[in-house]
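Pasted below: start19.txt, compact mmCIF, C-alpha atoms.
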# COMPACT_ATOMS: atom_id res chain seq x y z
CA MET A 1 -18.11 52.67 10.00
CA SER A 2 -16.44 50.48 12.57
CA LYS A 3 -13.09 49.06 11.57
CA LYS A 4 -13.33 46.14 13.95
CA PHE A 5 -12.98 43.30 11.47
CA PHE A 6 -12.78 39.60 12.25
CA HIS A 7 -9.57 38.06 10.94
CA ALA A 8 -9.43 34.30 10.33
CA ASN A 9 -6.05 32.62 10.68
CA ALA A 10 -4.09 30.94 7.86
CA PHE A 11 -6.71 28.26 7.39
CA GLY A 12 -9.15 30.89 6.17
CA LEU A 13 -8.02 30.06 2.64
CA LEU A 14 -9.83 26.75 3.02
CA ALA A 15 -13.03 28.61 2.22
CA GLY A 16 -12.22 28.01 -1.43
CA GLN A 17 -12.27 24.22 -1.10
CA ASN A 18 -15.14 21.99 -2.19
CA ALA A 19 -18.09 21.84 0.19
CA ARG A 20 -19.72 18.64 1.35
CA SER A 21 -23.39 18.77 0.46
CA GLY A 22 -25.92 18.08 3.16
CA LYS A 23 -23.51 18.44 6.09
CA SER A 24 -25.19 20.21 8.96
CA ALA A 25 -23.25 22.79 10.92
CA ALA A 26 -22.11 21.89 14.40
CA PRO A 27 -23.59 23.95 17.19
CA ASP A 28 -20.59 23.54 19.47
CA MET A 29 -18.16 25.57 17.36
CA GLN A 30 -17.29 28.47 19.63
CA PHE A 31 -16.58 31.13 17.07
CA ASN A 32 -17.59 33.95 19.39
CA ALA A 33 -14.71 32.95 21.63
CA LEU A 34 -12.40 33.11 18.65
CA CYS A 35 -13.71 36.51 17.69
CA GLY A 36 -12.72 37.69 21.16
CA HIS A 37 -9.09 36.85 20.33
CA THR A 38 -8.92 38.73 17.04
CA SER A 39 -6.40 41.16 18.46
CA GLU A 40 -3.95 38.27 18.90
CA LEU A 41 -3.98 37.44 15.18
CA PRO A 42 -1.62 39.31 12.87
CA ASP A 43 -2.95 41.65 10.19
CA ARG A 44 -1.51 39.48 7.40
CA HIS A 45 -4.27 36.93 7.89
CA ALA A 46 -7.21 37.00 5.49
CA ALA A 47 -10.45 38.75 6.41
CA PHE A 48 -13.82 37.27 5.47
CA ALA A 49 -16.10 39.65 3.57
CA SER A 50 -19.43 39.39 1.79
CA PRO A 51 -19.16 38.43 -1.91
CA ASP A 52 -20.89 41.65 -2.97
CA VAL A 53 -18.40 43.84 -1.15
CA ALA A 54 -17.57 45.76 -4.34
CA GLU A 55 -21.18 46.57 -5.15
CA ARG A 56 -21.82 47.73 -1.60
CA GLY A 57 -19.14 50.37 -1.57
CA GLY A 58 -16.46 48.45 0.32
CA TYR A 59 -18.67 47.06 3.05
CA GLU A 60 -17.00 44.31 5.05
CA ALA A 61 -18.88 41.77 7.10
CA GLY A 62 -19.04 42.36 10.81
CA PRO A 63 -17.83 39.88 13.40
CA VAL A 64 -21.13 38.00 13.66
CA GLU A 65 -21.56 37.55 9.91
CA THR A 66 -17.92 36.63 9.46
CA ALA A 67 -18.08 34.07 12.25
CA GLU A 68 -21.09 32.50 10.56
CA LEU A 69 -19.25 32.38 7.22
CA LEU A 70 -16.29 30.69 8.88
CA ARG A 71 -18.52 28.23 10.74
CA VAL A 72 -20.40 27.22 7.58
CA THR A 73 -17.15 26.91 5.62
CA LEU A 74 -15.38 24.74 8.17
CA GLU A 75 -18.35 22.46 8.65
CA ASN A 76 -18.82 21.82 4.93
CA ILE A 77 -15.35 20.84 3.77
CA ILE A 78 -14.15 17.26 3.47
CA GLN A 79 -11.09 17.83 5.67
CA GLY A 80 -10.99 17.78 9.41
CA ILE A 81 -9.31 20.86 10.92
CA ILE A 82 -7.73 21.55 14.28
CA TYR A 83 -5.99 24.81 15.10
CA TYR A 84 -3.85 24.69 18.23
CA GLY A 85 -2.80 28.04 19.63
CA PRO A 86 0.65 28.77 21.08
CA ASP A 87 -0.65 27.57 24.44
CA GLN A 88 -1.30 24.12 22.87
CA ARG A 89 -5.04 24.54 23.31
CA VAL A 90 -7.69 24.02 20.63
CA ARG A 91 -8.74 27.37 19.18
CA VAL A 92 -10.80 26.08 16.23
CA HIS A 93 -11.93 22.67 15.07
CA ASN A 94 -14.74 21.15 13.07
CA VAL A 95 -16.92 18.08 13.45
CA ARG A 96 -15.21 16.42 10.49
CA ALA A 97 -12.01 16.26 12.58
CA GLN A 98 -13.95 14.43 15.29
CA GLU A 99 -15.30 11.97 12.70
CA ILE A 100 -11.98 11.25 10.99
CA LEU A 101 -9.98 10.90 14.21
CA GLY A 102 -12.72 9.19 16.20
CA LEU A 103 -12.66 11.85 18.91
CA PRO A 104 -15.71 12.41 21.14
CA SER A 105 -16.93 15.97 21.55
CA HIS A 106 -15.83 16.18 25.19
CA ILE A 107 -12.24 15.45 24.10
CA LEU A 108 -11.99 17.59 20.97
CA ARG A 109 -13.56 20.87 22.03
CA SER A 110 -12.63 24.54 22.13
CA GLY A 111 -10.03 25.09 24.82
CA ALA A 112 -9.03 21.41 25.09
CA HIS A 113 -5.31 20.87 25.64
CA MET A 114 -3.29 19.04 23.00
CA ARG A 115 -2.01 16.52 25.57
CA ASP A 116 -5.60 15.46 26.31
CA VAL A 117 -6.45 15.05 22.63
CA HIS A 118 -3.30 13.10 21.84
CA GLY A 119 -3.54 11.18 25.11
CA PHE A 120 -6.98 9.93 24.10
CA LEU A 121 -5.71 8.91 20.65
CA LYS A 122 -2.74 7.12 22.19
CA GLY A 123 -5.11 5.22 24.44
CA GLN A 124 -6.94 4.05 21.32
CA GLY A 125 -3.73 2.55 19.92
CA GLU A 126 -2.35 5.48 17.94
CA PHE A 127 0.96 7.27 18.38
CA ALA A 128 3.09 4.25 19.30
CA ASP A 129 6.03 6.65 19.59
CA ASP A 130 6.42 9.55 22.00
CA VAL A 131 4.12 12.40 20.95
CA ASP A 132 5.66 15.17 23.04
CA TYR A 133 7.44 16.45 19.94
CA LEU A 134 4.04 17.54 18.56
CA GLY A 135 3.64 19.92 21.45
CA ARG A 136 7.12 21.30 20.89
CA MET A 137 6.19 22.00 17.28
CA VAL A 138 3.26 24.11 18.37
CA VAL A 139 5.22 26.41 20.65
CA SER A 140 8.37 26.61 18.52
CA GLY A 141 7.04 29.06 15.93
CA ASN A 142 9.43 27.44 13.47
CA PRO A 143 7.69 26.48 10.20
CA SER A 144 10.40 23.96 9.36
CA SER A 145 9.62 21.93 12.49
CA VAL A 146 6.31 20.60 11.13
CA PRO A 147 6.26 17.95 8.41
CA LYS A 148 4.24 19.40 5.56
CA VAL A 149 2.41 16.23 4.51
CA PHE A 150 2.44 12.70 5.83
CA GLU A 151 0.14 9.70 6.09
CA ARG A 152 -0.90 7.55 9.01
CA VAL A 153 -2.80 4.27 9.17
CA ARG A 154 -5.21 4.36 12.08
CA PRO A 155 -5.93 1.34 14.33
CA ASN A 156 -9.33 0.91 12.64
CA GLY A 157 -7.60 0.42 9.27
CA THR A 158 -8.40 3.79 7.75
CA THR A 159 -5.61 5.88 6.24
CA ILE A 160 -5.49 9.61 6.79
CA GLU A 161 -3.38 12.29 5.15
CA ILE A 162 -2.19 14.94 7.59
CA ARG A 163 -0.96 18.39 6.62
CA GLY A 164 0.65 20.75 9.11
CA THR A 165 1.05 24.51 8.80
CA GLN A 166 3.24 26.08 11.49
CA LEU A 167 2.43 29.68 12.35
CA HIS A 168 5.24 32.14 13.04
CA ASP A 169 3.52 33.47 16.14
CA GLY A 170 3.23 29.95 17.55
CA GLY A 171 0.49 27.44 17.07
CA VAL A 172 -0.20 25.09 14.22
CA VAL A 173 -3.07 24.27 11.88
CA TRP A 174 -3.60 20.55 11.14
CA THR A 175 -5.86 19.28 8.37
CA PHE A 176 -6.93 15.63 8.18
CA THR A 177 -8.23 13.89 5.06
CA ASP A 178 -9.54 10.34 4.92
CA ILE A 179 -7.74 8.81 1.93
CA THR A 180 -8.68 5.19 2.60
CA GLN A 181 -10.57 4.76 -0.67
CA ARG A 182 -7.82 6.46 -2.65
CA LYS A 183 -5.15 4.20 -1.15
CA ALA A 184 -7.29 1.14 -1.84
CA ALA A 185 -7.69 2.21 -5.47
CA GLU A 186 -3.93 2.77 -5.77
CA ALA A 187 -3.30 -0.67 -4.27
CA ARG A 188 -5.68 -2.26 -6.78
CA ILE A 189 -3.96 -0.52 -9.68
CA GLU A 190 -0.53 -1.59 -8.41
CA HIS A 191 -1.75 -5.15 -7.93
CA MET A 192 -3.12 -5.25 -11.47
CA ALA A 193 0.19 -4.00 -12.84
CA LEU A 194 2.21 -6.68 -11.02
CA HIS A 195 -0.10 -9.71 -10.99
CA ASP A 196 -1.68 -12.05 -13.49
CA ALA A 197 -5.35 -11.18 -14.00
CA LEU A 198 -6.48 -14.83 -14.22
CA THR A 199 -4.60 -16.60 -11.43
CA GLY A 200 -3.65 -13.68 -9.19
CA LEU A 201 -0.03 -14.84 -9.21
CA PRO A 202 2.88 -12.41 -9.68
CA ASN A 203 3.36 -11.66 -13.38
CA ARG A 204 6.55 -11.41 -15.39
CA VAL A 205 7.24 -7.87 -14.15
CA LEU A 206 7.02 -8.71 -10.44
CA PHE A 207 8.87 -11.98 -11.02
CA GLY A 208 11.72 -10.02 -12.61
CA LEU A 209 11.90 -7.62 -9.67
CA ARG A 210 12.06 -10.47 -7.16
CA LEU A 211 14.59 -12.35 -9.25
CA ASP A 212 16.83 -9.27 -9.35
CA ARG A 213 16.65 -9.14 -5.56
CA ALA A 214 17.48 -12.84 -5.27
CA VAL A 215 20.47 -12.42 -7.60
CA LYS A 216 21.85 -9.68 -5.34
CA GLN A 217 21.41 -11.96 -2.33
CA ALA A 218 23.33 -14.71 -4.11
CA THR A 219 26.50 -12.63 -3.92
CA ALA A 220 26.55 -13.01 -0.13
CA CYS A 221 24.82 -16.41 0.10
CA PRO A 222 25.47 -18.47 -3.05
CA SER A 223 23.40 -21.62 -3.67
CA ARG A 224 20.77 -20.47 -1.17
CA ASN A 225 18.35 -19.44 -3.94
CA ALA A 226 17.13 -21.17 -7.09
CA VAL A 227 14.90 -20.51 -10.10
CA LEU A 228 12.56 -23.08 -11.63
CA ALA A 229 11.03 -22.76 -15.10
CA LEU A 230 7.82 -24.76 -15.59
CA ASP A 231 5.92 -25.71 -18.73
CA LEU A 232 2.64 -27.65 -18.62
CA ASP A 233 2.93 -30.74 -20.81
CA ARG A 234 -0.50 -31.22 -22.42
CA PHE A 235 -2.23 -27.91 -21.78
CA LYS A 236 -2.94 -27.18 -25.47
CA LEU A 237 -4.83 -30.45 -25.75
CA VAL A 238 -7.15 -29.35 -22.92
CA ASN A 239 -7.81 -26.02 -24.63
CA ASP A 240 -8.50 -27.68 -27.96
CA SER A 241 -10.69 -30.45 -26.53
CA TYR A 242 -12.68 -28.65 -23.82
CA GLY A 243 -12.41 -24.96 -24.68
CA HIS A 244 -10.61 -21.95 -23.25
CA ALA A 245 -12.91 -21.70 -20.22
CA ALA A 246 -11.76 -25.15 -19.14
CA GLY A 247 -8.18 -24.12 -19.83
CA ASP A 248 -8.56 -21.07 -17.63
CA GLN A 249 -10.04 -23.21 -14.86
CA LEU A 250 -7.09 -25.60 -15.17
CA LEU A 251 -4.57 -22.77 -14.92
CA CYS A 252 -6.20 -21.53 -11.70
CA ILE A 253 -5.99 -25.01 -10.17
CA VAL A 254 -2.33 -25.24 -11.22
CA ALA A 255 -1.67 -21.93 -9.44
CA GLU A 256 -3.32 -23.23 -6.26
CA ARG A 257 -1.35 -26.49 -6.29
CA LEU A 258 1.96 -24.71 -6.88
CA GLY A 259 1.25 -22.36 -4.01
CA ALA A 260 0.68 -25.36 -1.74
CA VAL A 261 4.01 -27.08 -2.48
CA VAL A 262 6.40 -24.12 -2.79
CA PRO A 263 7.89 -23.29 0.63
CA ALA A 264 7.02 -20.06 2.41
CA GLY A 265 9.09 -17.14 1.20
CA GLY A 266 9.21 -18.46 -2.36
CA THR A 267 7.55 -16.87 -5.37
CA VAL A 268 5.23 -18.60 -7.82
CA ALA A 269 4.63 -16.58 -10.99
CA ARG A 270 2.74 -17.01 -14.23
CA LEU A 271 4.84 -15.69 -17.09
CA GLY A 272 2.15 -16.18 -19.72
CA GLY A 273 0.16 -18.96 -21.38
CA ASP A 274 1.05 -22.22 -19.67
CA GLU A 275 4.47 -20.98 -18.52
CA PHE A 276 5.09 -20.66 -14.80
CA ALA A 277 8.22 -19.89 -12.80
CA VAL A 278 9.30 -20.29 -9.19
CA ILE A 279 11.92 -18.56 -7.06
CA LEU A 280 13.11 -20.58 -4.07
CA THR A 281 14.83 -18.71 -1.24
CA ASP A 282 16.80 -19.56 1.90
CA LEU A 283 17.66 -23.09 0.78
CA GLY A 284 19.66 -25.13 3.24
CA ARG A 285 21.16 -27.38 0.59
CA GLU A 286 20.67 -28.39 -3.04
CA ALA A 287 18.61 -31.41 -2.02
CA GLU A 288 15.81 -29.03 -1.04
CA VAL A 289 15.52 -27.91 -4.67
CA ILE A 290 15.20 -31.54 -5.74
CA ARG A 291 12.49 -32.11 -3.15
CA VAL A 292 10.47 -29.14 -4.41
CA CYS A 293 10.88 -30.26 -8.03
CA GLU A 294 9.61 -33.73 -7.11
CA SER A 295 6.63 -32.23 -5.29
CA ILE A 296 5.75 -30.03 -8.26
CA VAL A 297 5.94 -32.89 -10.75
CA ALA A 298 3.89 -35.11 -8.45
CA THR A 299 1.10 -32.61 -7.66
CA LEU A 300 0.69 -31.49 -11.29
CA GLY A 301 0.74 -35.11 -12.40
CA GLU A 302 -2.46 -35.79 -10.47
CA PRO A 303 -5.79 -35.58 -12.35
CA PHE A 304 -7.47 -32.17 -12.55
CA PRO A 305 -11.21 -32.15 -11.93
CA LEU A 306 -12.86 -29.64 -14.25
CA ASP A 307 -16.54 -28.78 -14.58
CA ASN A 308 -17.21 -31.23 -17.42
CA ALA A 309 -14.24 -33.54 -17.33
CA GLU A 310 -11.20 -34.85 -15.47
CA VAL A 311 -7.89 -34.36 -17.25
CA GLU A 312 -4.24 -35.22 -16.73
CA ILE A 313 -1.48 -32.99 -18.06
CA GLY A 314 1.86 -33.20 -16.23
CA VAL A 315 4.67 -30.66 -16.13
CA SER A 316 8.31 -30.31 -17.11
CA VAL A 317 10.65 -28.40 -14.80
CA GLY A 318 14.07 -26.87 -15.33
CA GLY A 319 16.05 -25.41 -12.45
CA ALA A 320 19.15 -23.32 -11.86
CA LEU A 321 20.86 -22.40 -8.60
CA LEU A 322 21.87 -18.79 -8.05
CA LEU A 323 25.65 -18.91 -7.70
CA ASP A 324 28.24 -16.23 -6.96
CA ASP A 325 29.53 -16.26 -10.55
CA GLY A 326 28.19 -12.83 -11.47
CA ALA A 327 25.37 -14.14 -13.65
CA SER A 328 22.56 -11.66 -14.28
CA ALA A 329 18.88 -12.35 -13.69
CA ASP A 330 18.39 -12.88 -17.44
CA GLU A 331 21.26 -15.36 -17.51
CA ILE A 332 19.86 -17.29 -14.54
CA LEU A 333 16.47 -17.55 -16.23
CA ARG A 334 18.14 -18.65 -19.47
CA ARG A 335 19.90 -21.44 -17.56
CA ALA A 336 16.60 -22.60 -16.09
CA ASP A 337 15.07 -22.56 -19.60
CA MET A 338 17.94 -24.66 -20.92
CA ALA A 339 17.35 -27.20 -18.16
CA LEU A 340 13.63 -27.13 -18.99
CA PHE A 341 14.44 -27.97 -22.61
CA GLU A 342 16.42 -30.98 -21.42
CA ALA A 343 13.51 -32.10 -19.24
CA LYS A 344 11.14 -31.96 -22.20
CA ALA A 345 13.60 -33.83 -24.38
CA ALA A 346 13.76 -36.58 -21.78
CA GLY A 347 10.07 -37.37 -22.21
CA ARG A 348 8.33 -34.69 -20.10
CA GLY A 349 7.03 -35.20 -16.58
CA THR A 350 10.58 -34.75 -15.33
CA TYR A 351 12.84 -32.08 -13.87
CA CYS A 352 16.40 -31.13 -14.70
CA MET A 353 18.92 -28.98 -12.85
CA TYR A 354 21.40 -26.81 -14.70
CA GLU A 355 25.12 -27.19 -14.00
CA LYS A 356 27.82 -25.01 -15.52
CA THR A 357 29.70 -27.95 -17.04
CA ASN A 358 26.78 -30.23 -17.91
CA TYR A 359 23.16 -30.99 -17.15
CA CYS A 360 22.08 -33.44 -14.48
CA MET A 361 18.76 -35.14 -15.08
CA PHE A 362 16.81 -36.29 -12.06
CA GLU A 363 13.82 -38.33 -13.16
CA ASN A 364 10.67 -38.11 -11.07
CA ALA A 365 9.42 -40.84 -8.82
CA ALA A 366 7.33 -42.43 -11.59
CA HIS A 367 10.53 -43.32 -13.42
CA THR A 368 13.70 -45.08 -12.35
CA ARG A 369 15.36 -42.82 -9.80
CA GLY A 370 18.73 -43.05 -11.49
CA ARG A 371 20.81 -40.09 -12.55
CA GLN A 372 21.63 -39.49 -16.21
CA THR A 373 24.36 -37.11 -17.29
CA LYS A 374 23.54 -35.25 -20.48
Could you show the structure in this file as structure tokens?
Amino acid sequence: MSKKFFHANAFGLLAGQNARSGKSAAPDMQFNALCGHTSELPDRHAAFASPDVAERGGYEAGPVETAELLRVTLENIIQGIIYYGPDQRVRVHNVRAQEILGLPSHILRSGAHMRDVHGFLKGQGEFADDVDYLGRMVVSGNPSSVPKVFERVRPNGTTIEIRGTQLHDGGVVWTFTDITQRKAAEARIEHMALHDALTGLPNRVLFGLRLDRAVKQATACPSRNAVLALDLDRFKLVNDSYGHAAGDQLLCIVAERLGAVVPAGGTVARLGGDEFAVILTDLGREAEVIRVCESIVATLGEPFPLDNAEVEIGVSVGGALLLDDGASADEILRRADMALFEAKAAGRGTYCMYEKTNYCMFENAAHTRGRQTK
């Protein structure tokens, strides 16, 4: 019996991966050409054989049958595959690689040079950096020169996972997997973990992370950041009078109004119930904090149109600047809460700024604009 066996390169192990049902094989896969180069492939590479090889007394598939097995396998896996030989030319590829990378068949074809394939992709907006290093990887024969796994966002918005396997005799096998849906699912899970389900605002966890970052910035730029603690004044009355659905609707409107008055770069968060918090960043002077507090009190003092009613609630605000006194994030938030308590004690609908030696009450525009020292 002839011992001329067809040896598939390292990617032959992909035969064990899940097949895509209903995917027709591509007629342009030039496996006969690959069979002609079997002498170039080392003996360590896996040979394809029929599954009943044991029952048939050690029979191994001939080149034609093996080529067909390889063709069917490559055309029915979810990954795209490109094998570049040491000469940087395409030895093997499948149609899935064309689909994932958006490559026409006259570009990605057997014998095509890597520079033509990558040149086409670069013309489509990919590979912003120099791609010559990819060619050097192919000819180096150094497995450490290829990143094992990395991700790339394509110009059309899809995300692909790329795996590279460098061959010791030169050449490289690339596999491409479209992971757009997986990344979107991961983003949704992350968003749910860090945002309030009702309003979409950052929740207490994300607020804490951003406050920690602002506290670190305060060491270099004191009094350039501030924290505001907010408590809606008559929210419970709305819930009791009109029901929780109306209360939820009100909270969503509050979130929208806060987002409209807090300067860009700031954070508006819902900590729970009717408690909100704000982080202000890159303040030019303390007067900017006062201006934001006035805007918050004014906008939440306006009537709220609900489905079955129009209600007025108001808000109390307590604020604290982030100083360079070594205070932790928890301490800064405690200071803002103390100022909030003073604002409520003053009759609500007001704002109060924390000072280390005392509290300074700044009444909103509906009251006398005097300053009271508590």
Exercise for the section: Write out as number ranges by chain which residues come within 6 Å of segment 268-283 of chain A when counting only C-alpha atoms, dropping same-chain ones fewer than 3 positions away. Expected result: A: 201-204, 224-232
Would you mind exporting C-alpha atoms of the selected residues as a compact mmCIF listing (two decimals), in the coordinates of the input?
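Now in out-v9.txt:
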# COMPACT_ATOMS: atom_id res chain seq x y z
CA LEU A 201 -0.03 -14.84 -9.21
CA PRO A 202 2.88 -12.41 -9.68
CA ASN A 203 3.36 -11.66 -13.38
CA ARG A 204 6.55 -11.41 -15.39
CA ARG A 224 20.77 -20.47 -1.17
CA ASN A 225 18.35 -19.44 -3.94
CA ALA A 226 17.13 -21.17 -7.09
CA VAL A 227 14.90 -20.51 -10.10
CA LEU A 228 12.56 -23.08 -11.63
CA ALA A 229 11.03 -22.76 -15.10
CA LEU A 230 7.82 -24.76 -15.59
CA ASP A 231 5.92 -25.71 -18.73
CA LEU A 232 2.64 -27.65 -18.62
Handout entry: Residue neighbourhood Arg152 of chain A, 8 Å, all atoms listed in the file, exclusion window fewer than 2 positions, as a ChimeraX atom specification
Key = /A:150,154,159-162
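Proximity to Ala320 of chain A was assessed for A:Tyr351, A:Tyr242, A:Phe127, A:Phe120 counting only C-alpha atoms; the smallest distance is recorded for A:Tyr351.
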Exercise for the section: Go ahead and compute the interatomic distance for atom CA of Val254 of chain A and atom CA of Leu300 of chain A, in Å to one decimal. Expected result: 6.9 Å
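Separating atom CA of Lys236 of chain A from atom CA of Val261 of chain A is a distance of 24.0 Å.
Straight-line separation from atom CA of Met353 of chain A to atom CA of Ala260 of chain A: 21.7 Å.
Proximity ranking of A:Val315, A:Gly243, A:Gly171, A:Asp325 relative to Ala343 of chain A places A:Val315 first, based on all atoms listed in the file.
In this comparison, which uses only C-alpha atoms, the residue of A:Glu312, A:Asp116, A:Glu294, A:Glu190 approaching Val262 of chain A most closely is A:Glu294.
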Exercise for the section: Fewer than 6 positions away in the same chain doesn't count, so skip those; otherwise give me all residues within 7 Å of Gly80 of chain A, counting all atoms listed in the file, as an MDAnalysis selection string. Expected result: chainID A and resid 94 96:97 100 175:177
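With distances restricted to all atoms listed in the file, A:Gly318 is the closest residue to Phe341 of chain A from A:Leu258, A:Gly318, A:Asp87, A:Phe235.
Of the listed residues A:Glu302, A:Ala187, A:His113, A:Leu321, the one whose atoms come nearest to Arg334 of chain A is A:Leu321, with distances taken using all atoms listed in the file.
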Can you rebuild segment 215-223 of chain A with all heavy atoms and give it as a short mmCIF file (atom, residue, chain, number, x, y, z; two decimals), keeping the file's coordinate frame?
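Below you can see out.cif, which holds the result:
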data_model
loop_
_atom_site.label_atom_id
_atom_site.label_comp_id
_atom_site.auth_asym_id
_atom_site.auth_seq_id
_atom_site.Cartn_x
_atom_site.Cartn_y
_atom_site.Cartn_z
N VAL A 215 19.13 -12.39 -7.01
CA VAL A 215 20.47 -12.42 -7.60
C VAL A 215 21.44 -11.62 -6.73
O VAL A 215 22.60 -12.02 -6.52
CB VAL A 215 20.44 -11.88 -9.04
CG1 VAL A 215 21.86 -11.64 -9.56
CG2 VAL A 215 19.72 -12.86 -9.95
N LYS A 216 21.00 -10.48 -6.22
CA LYS A 216 21.85 -9.68 -5.34
C LYS A 216 22.17 -10.45 -4.04
O LYS A 216 23.28 -10.38 -3.53
CB LYS A 216 21.17 -8.36 -5.02
CG LYS A 216 21.04 -7.44 -6.22
CD LYS A 216 20.28 -6.16 -5.86
CE LYS A 216 20.12 -5.27 -7.08
NZ LYS A 216 19.35 -4.04 -6.76
N GLN A 217 21.19 -11.17 -3.54
CA GLN A 217 21.41 -11.96 -2.33
C GLN A 217 22.40 -13.10 -2.57
O GLN A 217 23.11 -13.51 -1.66
CB GLN A 217 20.09 -12.53 -1.82
CG GLN A 217 19.12 -11.47 -1.32
CD GLN A 217 17.76 -12.05 -0.99
OE1 GLN A 217 17.44 -13.18 -1.33
NE2 GLN A 217 16.93 -11.25 -0.30
N ALA A 218 22.44 -13.58 -3.80
CA ALA A 218 23.33 -14.71 -4.11
C ALA A 218 24.80 -14.34 -3.97
O ALA A 218 25.65 -15.21 -3.74
CB ALA A 218 23.06 -15.21 -5.53
N THR A 219 25.11 -13.06 -4.08
CA THR A 219 26.50 -12.63 -3.92
C THR A 219 27.00 -12.95 -2.52
O THR A 219 28.14 -13.39 -2.33
CB THR A 219 26.62 -11.11 -4.19
OG1 THR A 219 26.13 -10.83 -5.50
CG2 THR A 219 28.07 -10.67 -4.07
N ALA A 220 26.15 -12.75 -1.51
CA ALA A 220 26.55 -13.01 -0.13
C ALA A 220 26.26 -14.45 0.29
O ALA A 220 26.98 -15.01 1.11
CB ALA A 220 25.81 -12.05 0.81
N CYS A 221 25.21 -15.04 -0.29
CA CYS A 221 24.82 -16.41 0.10
C CYS A 221 24.58 -17.25 -1.15
O CYS A 221 23.42 -17.50 -1.54
CB CYS A 221 23.56 -16.39 0.96
SG CYS A 221 23.69 -15.41 2.46
N PRO A 222 25.65 -17.67 -1.84
CA PRO A 222 25.47 -18.47 -3.05
C PRO A 222 24.81 -19.82 -2.74
O PRO A 222 24.95 -20.35 -1.65
CB PRO A 222 26.90 -18.65 -3.57
CG PRO A 222 27.77 -18.44 -2.37
CD PRO A 222 27.07 -17.44 -1.52
N SER A 223 24.08 -20.32 -3.73
CA SER A 223 23.40 -21.62 -3.67
C SER A 223 22.31 -21.67 -2.61
O SER A 223 21.86 -22.74 -2.23
CB SER A 223 24.41 -22.75 -3.44
OG SER A 223 25.36 -22.79 -4.48
#
